[in-house]
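As stored in input26.cif (mmCIF, C-alpha atoms and all ligand atoms):
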data_input
#
loop_
_atom_site.label_atom_id
_atom_site.label_comp_id
_atom_site.auth_asym_id
_atom_site.auth_seq_id
_atom_site.Cartn_x
_atom_site.Cartn_y
_atom_site.Cartn_z
CA MET M 170 -173.61 99.74 -98.98
CA LYS M 171 -173.95 96.16 -97.85
CA TYR M 172 -171.02 93.87 -97.15
CA TYR M 173 -171.15 90.16 -97.91
CA SER M 174 -168.93 87.41 -96.56
CA THR M 175 -166.43 85.62 -98.81
CA ASN M 176 -167.92 82.39 -97.43
CA HIS M 177 -171.40 83.49 -98.60
CA THR M 178 -173.27 81.88 -95.71
CA ALA M 179 -173.46 84.80 -93.25
CA PRO M 180 -176.15 87.47 -93.66
CA GLN M 181 -175.06 90.71 -95.34
CA ALA M 182 -173.82 93.37 -92.96
CA SER M 183 -173.94 97.15 -92.85
CA LEU M 184 -170.66 99.06 -92.86
CA GLU M 185 -171.06 99.67 -89.15
CA GLU M 186 -171.53 95.96 -88.41
CA ALA M 187 -168.61 95.04 -90.66
CA VAL M 188 -166.32 97.52 -88.89
CA VAL M 189 -167.36 96.61 -85.35
CA LYS M 190 -167.36 92.84 -85.96
CA GLY M 191 -164.30 92.63 -88.22
CA LEU M 192 -164.98 89.07 -89.33
CA ALA M 193 -168.29 87.71 -90.66
CA SER M 194 -170.14 85.16 -88.51
CA ASP M 195 -169.27 82.38 -90.98
CA ARG M 196 -165.59 83.37 -90.51
CA GLY M 197 -165.40 84.81 -94.03
CA LEU M 198 -164.01 88.24 -94.86
CA PHE M 199 -166.33 91.11 -95.65
CA MET M 200 -166.50 92.45 -99.22
CA PRO M 201 -168.44 95.49 -100.44
CA GLU M 202 -171.37 94.29 -102.59
CA ASN M 203 -170.35 96.55 -105.44
CA ILE M 204 -167.28 98.47 -106.45
CA LYS M 205 -168.22 101.51 -108.50
CA ARG M 206 -166.04 102.72 -111.33
CA LEU M 207 -164.95 106.32 -111.16
CA PRO M 208 -165.77 108.42 -114.23
CA ALA M 209 -163.18 108.90 -117.00
CA GLU M 210 -163.02 112.68 -116.32
CA PHE M 211 -161.68 111.96 -112.85
CA PHE M 212 -158.67 110.18 -114.32
CA GLU M 213 -158.20 112.77 -117.07
CA ASN M 214 -157.58 115.50 -114.50
CA ILE M 215 -156.33 113.51 -111.55
CA GLU M 216 -152.82 114.98 -111.67
CA LYS M 217 -154.28 118.40 -110.85
CA LEU M 218 -155.86 117.15 -107.62
CA THR M 219 -154.24 117.02 -104.19
CA PHE M 220 -153.85 113.78 -102.23
CA HIS M 221 -156.70 114.85 -99.93
CA GLU M 222 -159.01 115.63 -102.86
CA ILE M 223 -158.24 112.29 -104.47
CA ALA M 224 -158.69 110.36 -101.22
CA CYS M 225 -162.02 112.05 -100.44
CA THR M 226 -163.35 111.09 -103.89
CA VAL M 227 -162.21 107.48 -103.49
CA ALA M 228 -163.60 107.29 -99.94
CA GLU M 229 -166.98 108.44 -101.18
CA VAL M 230 -167.19 105.45 -103.51
CA PHE M 231 -166.78 103.03 -100.61
CA PHE M 232 -168.34 104.86 -97.70
CA GLY M 233 -170.44 107.67 -99.22
CA GLU M 234 -173.77 105.87 -98.80
CA ASP M 235 -173.15 105.31 -95.10
CA ILE M 236 -171.46 108.49 -93.88
CA PRO M 237 -172.38 112.09 -94.68
CA LYS M 238 -169.80 113.74 -96.93
CA GLU M 239 -168.75 116.32 -94.36
CA ASP M 240 -167.97 113.67 -91.72
CA LEU M 241 -166.27 111.40 -94.22
CA ASP M 242 -164.04 114.19 -95.58
CA ARG M 243 -163.00 115.04 -92.03
CA ILE M 244 -162.15 111.40 -91.25
CA VAL M 245 -160.11 111.13 -94.47
CA CYS M 246 -158.20 114.36 -93.94
CA ASP M 247 -157.52 113.56 -90.26
CA THR M 248 -156.23 110.13 -91.30
CA LEU M 249 -153.92 111.54 -93.96
CA ALA M 250 -152.07 114.02 -91.78
CA PHE M 251 -148.90 113.04 -93.66
CA ASP M 252 -148.00 112.65 -97.31
CA CYS M 253 -147.45 109.46 -99.34
CA PRO M 254 -145.11 110.83 -102.04
CA VAL M 255 -143.42 109.06 -104.94
CA SER M 256 -139.66 109.45 -105.09
CA GLU M 257 -137.40 108.63 -108.06
CA VAL M 258 -134.90 105.86 -107.38
CA GLU M 259 -133.85 105.51 -111.01
CA PRO M 260 -135.44 106.79 -114.24
CA THR M 261 -137.94 103.93 -114.61
CA ILE M 262 -138.34 102.96 -110.94
CA TYR M 263 -140.09 105.04 -108.29
CA SER M 264 -140.66 104.44 -104.60
CA LEU M 265 -144.12 105.13 -103.18
CA GLU M 266 -143.02 106.15 -99.69
CA LEU M 267 -145.59 104.99 -97.18
CA PHE M 268 -143.42 105.61 -94.11
CA HIS M 269 -144.13 109.26 -93.39
CA GLY M 270 -146.79 108.48 -90.77
CA PRO M 271 -146.39 108.32 -86.97
CA THR M 272 -145.00 104.77 -86.82
CA LEU M 273 -143.12 104.94 -90.12
CA ALA M 274 -145.03 102.18 -91.89
CA PHE M 275 -147.98 101.92 -94.26
CA LYS M 276 -150.23 100.36 -91.61
CA ASP M 277 -150.64 103.87 -90.17
CA VAL M 278 -153.09 104.74 -92.95
CA GLY M 279 -155.49 101.87 -92.26
CA ALA M 280 -155.14 102.04 -88.48
CA ARG M 281 -155.80 105.79 -88.33
CA PHE M 282 -158.79 105.50 -90.62
CA MET M 283 -160.29 102.63 -88.67
CA ALA M 284 -159.90 104.48 -85.35
CA ARG M 285 -161.79 107.48 -86.68
CA LEU M 286 -164.49 105.41 -88.35
CA LEU M 287 -165.06 103.38 -85.20
CA GLN M 288 -165.27 106.56 -83.15
CA TYR M 289 -167.81 107.94 -85.61
CA PHE M 290 -169.99 104.84 -85.34
CA ILE M 291 -169.94 104.53 -81.55
CA LYS M 292 -170.60 108.19 -80.84
CA GLY M 293 -173.64 108.53 -78.62
CA LYS M 294 -174.37 104.79 -78.69
CA THR M 295 -172.47 103.33 -75.75
CA ASP M 296 -174.15 105.15 -72.83
CA GLY M 297 -170.86 106.81 -72.07
CA ARG M 298 -169.09 103.46 -71.76
CA GLU M 299 -165.67 103.06 -73.31
CA VAL M 300 -165.09 100.73 -76.23
CA ASN M 301 -162.11 98.49 -75.64
CA VAL M 302 -159.93 97.46 -78.54
CA LEU M 303 -157.80 94.38 -77.87
CA VAL M 304 -154.87 93.71 -80.17
CA ALA M 305 -152.15 91.07 -80.03
CA THR M 306 -148.94 91.99 -81.77
CA SER M 307 -145.57 90.59 -82.69
CA GLY M 308 -144.39 94.14 -83.39
CA ASP M 309 -145.65 96.33 -86.20
CA THR M 310 -149.42 96.00 -85.91
CA GLY M 311 -149.41 97.03 -82.26
CA SER M 312 -147.59 100.27 -82.94
CA ALA M 313 -149.79 101.26 -85.90
CA VAL M 314 -153.01 100.45 -84.04
CA ALA M 315 -151.90 102.12 -80.79
CA ASN M 316 -150.81 105.29 -82.56
CA GLY M 317 -153.86 105.23 -84.83
CA PHE M 318 -156.16 105.24 -81.79
CA LEU M 319 -154.03 107.50 -79.60
CA GLY M 320 -156.17 110.26 -78.14
CA VAL M 321 -159.35 109.02 -79.86
CA GLU M 322 -162.06 109.72 -77.31
CA GLY M 323 -164.30 106.92 -76.07
CA ILE M 324 -161.88 104.15 -77.06
CA HIS M 325 -159.25 102.39 -74.95
CA VAL M 326 -156.65 100.14 -76.58
CA TYR M 327 -154.90 97.20 -74.95
CA VAL M 328 -151.83 96.04 -76.86
CA LEU M 329 -150.68 92.56 -75.84
CA TYR M 330 -147.13 91.68 -76.80
CA PRO M 331 -144.70 88.88 -75.92
CA LYS M 332 -142.07 89.85 -73.35
CA GLY M 333 -138.59 90.06 -74.80
CA LYS M 334 -139.69 89.09 -78.32
CA VAL M 335 -140.31 92.51 -79.80
CA SER M 336 -137.43 94.75 -80.91
CA PRO M 337 -136.77 97.81 -78.69
CA ILE M 338 -137.59 100.16 -81.59
CA GLN M 339 -140.97 98.47 -82.07
CA GLU M 340 -141.71 98.19 -78.36
CA CYS M 341 -141.20 101.89 -77.61
CA GLN M 342 -143.79 102.82 -80.22
CA PHE M 343 -146.61 101.43 -78.12
CA THR M 344 -145.23 101.33 -74.57
CA THR M 345 -144.43 105.03 -74.24
CA LEU M 346 -147.77 106.49 -75.29
CA GLY M 347 -149.91 106.39 -72.13
CA ARG M 348 -153.29 108.17 -72.37
CA ASN M 349 -155.85 105.72 -73.83
CA ILE M 350 -153.23 103.12 -74.71
CA THR M 351 -152.23 100.34 -72.30
CA ALA M 352 -149.35 98.04 -73.22
CA VAL M 353 -149.64 94.58 -71.69
CA GLU M 354 -146.37 92.65 -71.59
CA VAL M 355 -147.21 88.96 -71.60
CA ASP M 356 -144.85 86.38 -70.19
CA GLY M 357 -145.11 84.10 -73.22
CA VAL M 358 -144.94 84.08 -77.00
CA PHE M 359 -147.07 85.82 -79.65
CA ASP M 360 -149.49 82.88 -79.80
CA ASP M 361 -150.19 83.32 -76.07
CA CYS M 362 -151.09 86.96 -76.70
CA GLN M 363 -153.41 85.96 -79.50
CA ARG M 364 -155.02 83.27 -77.34
CA LEU M 365 -155.67 85.74 -74.52
CA VAL M 366 -157.38 88.13 -76.96
CA LYS M 367 -159.49 85.39 -78.53
CA SER M 368 -160.48 84.01 -75.12
CA ALA M 369 -161.56 87.49 -74.04
CA PHE M 370 -163.88 87.82 -77.04
CA MET M 371 -165.43 84.43 -76.21
CA ASP M 372 -165.88 85.09 -72.47
CA SER M 373 -169.53 85.90 -71.85
CA GLU M 374 -168.94 87.57 -68.48
CA LEU M 375 -166.37 89.95 -69.98
CA CYS M 376 -168.52 90.66 -73.03
CA GLY M 377 -171.45 91.38 -70.73
CA LYS M 378 -169.50 93.90 -68.70
CA MET M 379 -167.32 95.55 -71.34
CA ILE M 380 -167.61 96.51 -74.98
CA LEU M 381 -164.84 94.62 -76.73
CA THR M 382 -163.68 94.83 -80.32
CA SER M 383 -160.61 94.02 -82.38
CA ALA M 384 -158.60 96.05 -84.86
CA ASN M 385 -157.57 93.17 -87.04
CA SER M 386 -155.96 93.91 -90.40
CA ILE M 387 -158.74 92.10 -92.26
CA ASN M 388 -161.21 94.75 -91.08
CA VAL M 389 -162.68 96.61 -94.07
CA ALA M 390 -161.94 99.90 -92.32
CA ARG M 391 -158.25 99.07 -92.21
CA PHE M 392 -157.87 97.55 -95.64
CA LEU M 393 -159.98 99.69 -98.01
CA PRO M 394 -158.40 103.11 -97.19
CA GLN M 395 -155.12 101.74 -98.50
CA ALA M 396 -156.58 102.26 -101.97
CA PHE M 397 -156.14 106.03 -101.46
CA TYR M 398 -152.41 106.04 -102.02
CA TYR M 399 -152.54 103.93 -105.19
CA PHE M 400 -154.64 106.67 -106.79
CA ASN M 401 -152.26 109.31 -105.49
CA ALA M 402 -149.24 107.45 -106.86
CA TYR M 403 -150.88 107.30 -110.27
CA ALA M 404 -151.68 111.04 -110.15
CA ARG M 405 -148.13 111.99 -109.22
CA MET M 406 -146.66 109.69 -111.90
CA LYS M 407 -149.08 111.13 -114.45
CA ALA M 408 -147.90 114.64 -113.57
CA LEU M 409 -144.38 113.44 -114.42
CA GLY M 410 -145.62 112.02 -117.74
CA LYS M 411 -144.75 108.50 -116.58
CA ALA M 412 -148.11 106.84 -116.00
CA GLY M 413 -148.49 105.30 -119.47
CA ARG M 414 -147.73 101.70 -118.60
CA LEU M 415 -147.47 101.66 -114.86
CA VAL M 416 -146.41 98.50 -113.03
CA VAL M 417 -147.05 98.50 -109.28
CA SER M 418 -144.97 96.16 -107.14
CA VAL M 419 -146.27 95.43 -103.65
CA PRO M 420 -144.23 93.73 -100.89
CA SER M 421 -146.85 91.31 -99.60
CA GLY M 422 -147.50 89.23 -96.49
CA ASN M 423 -151.18 89.02 -95.62
CA PHE M 424 -152.03 90.58 -99.01
CA GLY M 425 -154.24 93.36 -97.64
CA ASN M 426 -152.16 96.09 -99.21
CA ILE M 427 -152.11 94.63 -102.71
CA THR M 428 -155.83 93.78 -102.47
CA ALA M 429 -156.55 97.47 -101.88
CA GLY M 430 -154.60 98.16 -105.08
CA LEU M 431 -156.70 95.60 -106.94
CA PHE M 432 -159.84 97.37 -105.69
CA ALA M 433 -158.41 100.64 -107.06
CA HIS M 434 -157.83 98.92 -110.40
CA ARG M 435 -161.45 97.66 -110.39
CA MET M 436 -162.57 101.26 -109.80
CA GLY M 437 -160.87 102.16 -113.07
CA LEU M 438 -157.37 103.17 -111.98
CA PRO M 439 -155.24 102.58 -115.10
CA ILE M 440 -152.51 100.41 -113.61
CA HIS M 441 -151.04 98.22 -116.34
CA ARG M 442 -150.20 95.29 -114.08
CA PHE M 443 -149.23 94.32 -110.52
CA ILE M 444 -146.40 92.34 -108.98
CA ALA M 445 -146.80 90.64 -105.59
CA ALA M 446 -143.27 90.58 -104.15
CA ASN M 447 -142.71 87.97 -101.47
CA ASN M 448 -139.84 86.96 -99.23
CA ALA M 449 -139.16 83.24 -98.79
CA ASN M 450 -142.84 82.74 -97.90
CA ASP M 451 -143.83 81.89 -101.44
CA ILE M 452 -147.39 80.56 -101.16
CA PHE M 453 -148.95 83.13 -103.49
CA TYR M 454 -146.01 82.94 -105.86
CA ASN M 455 -146.59 79.20 -106.18
CA TYR M 456 -150.31 79.73 -106.62
CA LEU M 457 -149.64 82.02 -109.58
CA LEU M 458 -147.39 79.42 -111.18
CA SER M 459 -149.47 76.32 -110.50
CA GLY M 460 -153.03 77.42 -109.79
CA LEU M 461 -152.83 75.52 -106.49
CA TYR M 462 -153.05 77.30 -103.16
CA LYS M 463 -151.07 75.39 -100.57
CA PRO M 464 -150.70 77.23 -97.24
CA LYS M 465 -147.71 76.25 -95.12
CA ALA M 466 -146.13 77.22 -91.82
CA SER M 467 -144.44 80.59 -92.14
CA VAL M 468 -140.66 80.81 -92.25
CA GLN M 469 -138.77 83.57 -90.47
CA THR M 470 -137.01 86.15 -92.66
CA ILE M 471 -135.42 89.60 -92.36
CA ALA M 472 -138.56 91.06 -93.98
CA ASN M 473 -140.51 89.74 -91.00
CA ALA M 474 -143.77 91.66 -91.49
CA MET M 475 -144.27 89.46 -94.56
CA ASP M 476 -143.66 86.14 -92.78
CA VAL M 477 -147.11 84.76 -93.51
CA GLY M 478 -147.78 81.17 -94.57
CA ASP M 479 -151.53 81.47 -95.22
CA PRO M 480 -152.35 85.03 -96.31
CA SER M 481 -155.81 86.03 -95.02
CA ASN M 482 -156.68 88.24 -97.96
CA PHE M 483 -156.12 85.54 -100.56
CA VAL M 484 -159.86 84.78 -100.37
CA ARG M 485 -160.61 88.42 -101.19
CA ILE M 486 -158.48 88.21 -104.33
CA LEU M 487 -160.18 84.97 -105.35
CA ASP M 488 -163.58 86.54 -104.73
CA LEU M 489 -162.71 89.64 -106.75
CA TYR M 490 -161.90 87.56 -109.84
CA GLY M 491 -164.47 84.79 -109.40
CA GLY M 492 -161.73 82.31 -108.50
CA ASP M 493 -160.36 82.55 -112.05
CA HIS M 494 -156.65 81.74 -111.93
CA GLY M 495 -156.21 82.89 -115.52
CA ARG M 496 -157.53 86.37 -114.80
CA ILE M 497 -155.54 86.64 -111.59
CA SER M 498 -152.26 85.51 -113.10
CA SER M 499 -152.61 87.73 -116.16
CA LEU M 500 -152.95 90.85 -113.99
CA ILE M 501 -150.57 89.88 -111.18
CA SER M 502 -147.17 88.27 -111.42
CA GLY M 503 -145.12 87.05 -108.49
CA ALA M 504 -141.62 87.10 -107.09
CA SER M 505 -140.00 85.46 -104.08
CA TYR M 506 -136.63 86.34 -102.56
CA SER M 507 -134.34 84.75 -99.99
CA ASP M 508 -132.75 86.80 -97.21
CA THR M 509 -129.46 86.70 -99.11
CA GLN M 510 -131.14 88.21 -102.17
CA ILE M 511 -132.88 90.85 -100.05
CA ARG M 512 -129.56 91.89 -98.45
CA GLN M 513 -127.83 92.01 -101.83
CA THR M 514 -130.67 94.12 -103.24
CA MET M 515 -130.42 96.66 -100.40
CA LYS M 516 -126.67 96.89 -101.02
CA ASP M 517 -126.85 97.14 -104.82
CA CYS M 518 -129.59 99.76 -104.73
CA TYR M 519 -127.66 101.84 -102.19
CA ASP M 520 -124.37 101.55 -104.07
CA ASN M 521 -125.93 102.40 -107.44
CA THR M 522 -128.51 105.01 -106.51
CA GLY M 523 -127.92 106.13 -102.91
CA TYR M 524 -131.51 105.14 -102.01
CA ILE M 525 -131.87 103.18 -98.77
CA LEU M 526 -134.46 100.41 -98.95
CA ASP M 527 -135.94 98.57 -96.01
CA PRO M 528 -136.02 94.74 -96.32
CA HIS M 529 -139.70 94.73 -97.41
CA GLY M 530 -139.38 97.49 -99.98
CA ALA M 531 -136.28 95.72 -101.27
CA CYS M 532 -138.45 92.81 -102.43
CA GLY M 533 -140.71 95.24 -104.31
CA TYR M 534 -137.78 97.06 -105.88
CA ARG M 535 -136.02 93.90 -106.97
CA ALA M 536 -139.16 92.51 -108.61
CA LEU M 537 -139.30 95.65 -110.79
CA LYS M 538 -135.60 95.56 -111.51
CA GLU M 539 -135.96 91.99 -112.78
CA GLY M 540 -139.41 92.19 -114.30
CA LEU M 541 -139.96 95.56 -115.99
CA CYS M 542 -140.46 95.39 -119.75
CA GLU M 543 -139.57 97.97 -122.39
CA GLY M 544 -141.88 100.99 -122.16
CA GLU M 545 -143.07 100.27 -118.61
CA THR M 546 -142.47 102.40 -115.54
CA GLY M 547 -142.45 100.79 -112.11
CA VAL M 548 -143.57 101.99 -108.70
CA PHE M 549 -142.84 99.85 -105.66
CA LEU M 550 -144.46 100.41 -102.30
CA GLU M 551 -141.83 101.28 -99.68
CA THR M 552 -143.87 99.92 -96.78
CA ALA M 553 -141.60 100.93 -93.89
CA HIS M 554 -138.77 103.30 -93.12
CA PRO M 555 -135.35 101.57 -93.18
CA ALA M 556 -134.60 102.90 -89.67
CA LYS M 557 -137.21 100.50 -88.30
CA PHE M 558 -134.83 97.70 -89.30
CA LYS M 559 -131.67 99.64 -88.53
CA GLU M 560 -129.27 96.80 -87.70
CA THR M 561 -130.28 94.65 -90.67
CA VAL M 562 -130.13 97.52 -93.14
CA GLU M 563 -126.83 98.93 -91.84
CA ALA M 564 -125.19 95.51 -92.04
CA ALA M 565 -126.41 95.11 -95.62
CA ILE M 566 -125.42 98.53 -96.98
CA ASN M 567 -122.33 98.91 -94.83
CA ASP M 568 -123.28 102.45 -93.88
CA SER M 569 -125.33 104.08 -91.16
CA VAL M 570 -129.05 104.81 -91.23
CA THR M 571 -130.28 108.01 -89.62
CA ILE M 572 -133.18 107.62 -87.21
CA PRO M 573 -135.92 110.16 -88.01
CA ASP M 574 -136.85 112.57 -85.20
CA ARG M 575 -140.29 111.12 -84.61
CA LEU M 576 -138.86 107.64 -84.13
CA ALA M 577 -136.14 108.99 -81.84
CA ALA M 578 -138.85 110.74 -79.80
CA PHE M 579 -140.53 107.40 -79.03
CA MET M 580 -137.20 105.98 -77.93
CA LYS M 581 -136.75 108.74 -75.38
CA GLY M 582 -140.14 108.15 -73.73
CA ASP M 583 -140.58 106.20 -70.51
CA LYS M 584 -141.81 102.65 -70.82
CA LEU M 585 -145.26 102.14 -69.31
CA SER M 586 -146.54 98.59 -69.35
CA VAL M 587 -148.48 96.09 -67.30
CA ASP M 588 -146.88 92.68 -66.59
CA MET M 589 -149.15 89.77 -67.35
CA THR M 590 -148.91 86.00 -67.09
CA SER M 591 -150.18 83.91 -70.00
CA ASP M 592 -153.07 82.62 -67.84
CA PHE M 593 -156.40 83.91 -69.13
CA ASN M 594 -157.85 84.21 -65.61
CA ASP M 595 -155.20 86.80 -64.76
CA PHE M 596 -155.88 88.78 -67.92
CA LYS M 597 -159.63 88.63 -67.31
CA ALA M 598 -159.27 89.83 -63.71
CA PHE M 599 -157.10 92.68 -64.94
CA LEU M 600 -159.64 93.78 -67.55
CA LEU M 601 -162.48 93.61 -65.03
CA SER M 602 -160.48 95.66 -62.55
CA ARG M 603 -160.21 98.43 -65.13
CA GLN M 604 -163.97 98.92 -65.38
C1 LIG M 701 -147.63 94.48 -92.82
C2 LIG M 701 -146.45 94.78 -93.66
C3 LIG M 701 -146.28 94.25 -94.97
C4 LIG M 701 -147.27 93.28 -95.57
O1 LIG M 701 -148.49 93.89 -95.90
P1 LIG M 701 -149.77 92.98 -96.22
O2 LIG M 701 -150.89 93.95 -96.37
O3 LIG M 701 -149.94 92.10 -95.01
O4 LIG M 701 -149.49 92.21 -97.44
C5 LIG M 701 -145.20 94.64 -95.72
N1 LIG M 701 -144.26 95.48 -95.22
C6 LIG M 701 -144.36 96.00 -93.98
C7 LIG M 701 -143.29 96.89 -93.47
C8 LIG M 701 -145.45 95.67 -93.14
O5 LIG M 701 -145.53 96.18 -91.92
#
Show how you would write the structure in this file as structure tokens.
Amino acid sequence: MKYYSTNHTAPQASLEEAVVKGLASDRGLFMPENIKRLPAEFFENIEKLTFHEIACTVAEVFFGEDIPKEDLDRIVCDTLAFDCPVSEVEPTIYSLELFHGPTLAFKDVGARFMARLLQYFIKGKTDGREVNVLVATSGDTGSAVANGFLGVEGIHVYVLYPKGKVSPIQECQFTTLGRNITAVEVDGVFDDCQRLVKSAFMDSELCGKMILTSANSINVARFLPQAFYYFNAYARMKALGKAGRLVVSVPSGNFGNITAGLFAHRMGLPIHRFIAANNANDIFYNYLLSGLYKPKASVQTIANAMDVGDPSNFVRILDLYGGDHGRISSLISGASYSDTQIRQTMKDCYDNTGYILDPHGACGYRALKEGLCEGETGVFLETAHPAKFKETVEAAINDSVTIPDRLAAFMKGDKLSVDMTSDFNDFKAFLLSRQ
């Protein structure tokens, strides 16, 4: 399968090139040149299949031409070492729980898949040299990427994060791992971390001496595998007899997650319609209403993984529907909630149902609560475990949130990190010293 750029001026790339490069040379995002529909029989019997069986079938549509089935099935099953179940919150609203992975958030799926795909592609090609993944993080991405690549042979990950600006729960998920993961604590802000990473990729001496790559969320290997759990959600809802008119509500920031759902829909998955649930960052919401896309500076909210003012994957959605606002807004509706509304939603849901939402999932839940029509059943994506936002959630629901064992285990580990200034020369010297 070839991958084209959403800017249409870069040459088409192979899957391997798209995964290793991340971004096309014309700075567009890669898109698969065709999206095959799955046969009707697949959907007729889907509820009888396991998550792994479903995911392997979906993976074959995207990656089957480029990776032998045996290898691909292994990569898929290794990635999905945890379940993505649906759980009833109330009779017409279900939670698709995406927090059962190692870092308790949905990004685990994409990060684990990408790590294994990259390992597959570099095997035997680097003369025994390590591939170095550089990632800048303000919190969640670093933990998903670090844990996704943990123990993956031939790859070393450097996670750059701003000193004192990441919550202790987030920090421990990438500073306590050791092995092939190095946490670099930068004396600066997130933008400094990002600048150091970008400068490294542009430094010809470094690139000559080391193999460098990124694990950005726009990478096709991180974003496409997210389609797996949309199919699984449909299968599980169908088994319950509730998949007739399914509405899927996705808490959205950079819009990678919902775009994977739209790919699933294009492959024939019978989802009736989608809702993109936003916090106060309402750029897509306004686009749906007005047809005008006006990026702005992001505003800080309690659902901070969705604080995005210019969602990268918007161009993928435009590309998927030929830029047709009518088609986009008839399939997807929007919602935007203030922090006050998010807090109230967490409280109301807990008081009425006993289900504890995290601030991101709360946006998805509320959009269903307000927007479901007669005869529809809703599934919202619960993108993170509420314990990751313990203080915020506890204050909202006025009760305590139990920390799952695997999160507590991170918190017990010893912090291992390298102190770094925000001067690129220091970072460069450090990287060179590691070779
Ligand atoms: C990253 C993230 C989101 C936003 O997902 P996008 O794919 O960027 O739209 C939502 N919730 C949580 C918890 C996240 O970590």
Spatial neighbours of region 473-488 of chain M, 9 Å, only C-alpha atoms, chain gap at least 5 places, as a PyMOL selection string: chain M and resi 175-176+197-200+308-309+387+420-425+428+431+447-453+463-468+493-494+497+528-529
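Restricting the calculation to all atoms listed in the file, the smallest distance between ligand LIG 701 (chain M) and any of M:Ala531, M:Leu585, M:Leu303, M:Leu241 is found for M:Ala531.
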Return the padded bounding box of ligand LIG 701 (chain M) as AutoDock Vina command-line options: axis-aligned, built from all atoms listed in the file, 4 Å added on each side, with centre and edge lengths in Å to one decimal.
--center_x -147.1 --center_y 94.5 --center_z -94.7 --size_x 15.6 --size_y 12.8 --size_z 13.5
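If you measure from each of M:Asp574, M:Asp592, M:Glu539, M:Asp527 to ligand LIG 701 (chain M) using all atoms listed in the file, the closest one turns out to be M:Asp527.
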Shell of 8 Å around Asn316 (chain M), all atoms listed in the file, local chain residues under 3 positions omitted, as a ChimeraX atom specification: /M:271-272,277,281,312-313,319,342-343,346
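Closest approach to Val188 (chain M) among M:Ser498, M:Thr514, M:Thr295, M:Asn388: M:Asn388, based on all atoms listed in the file.
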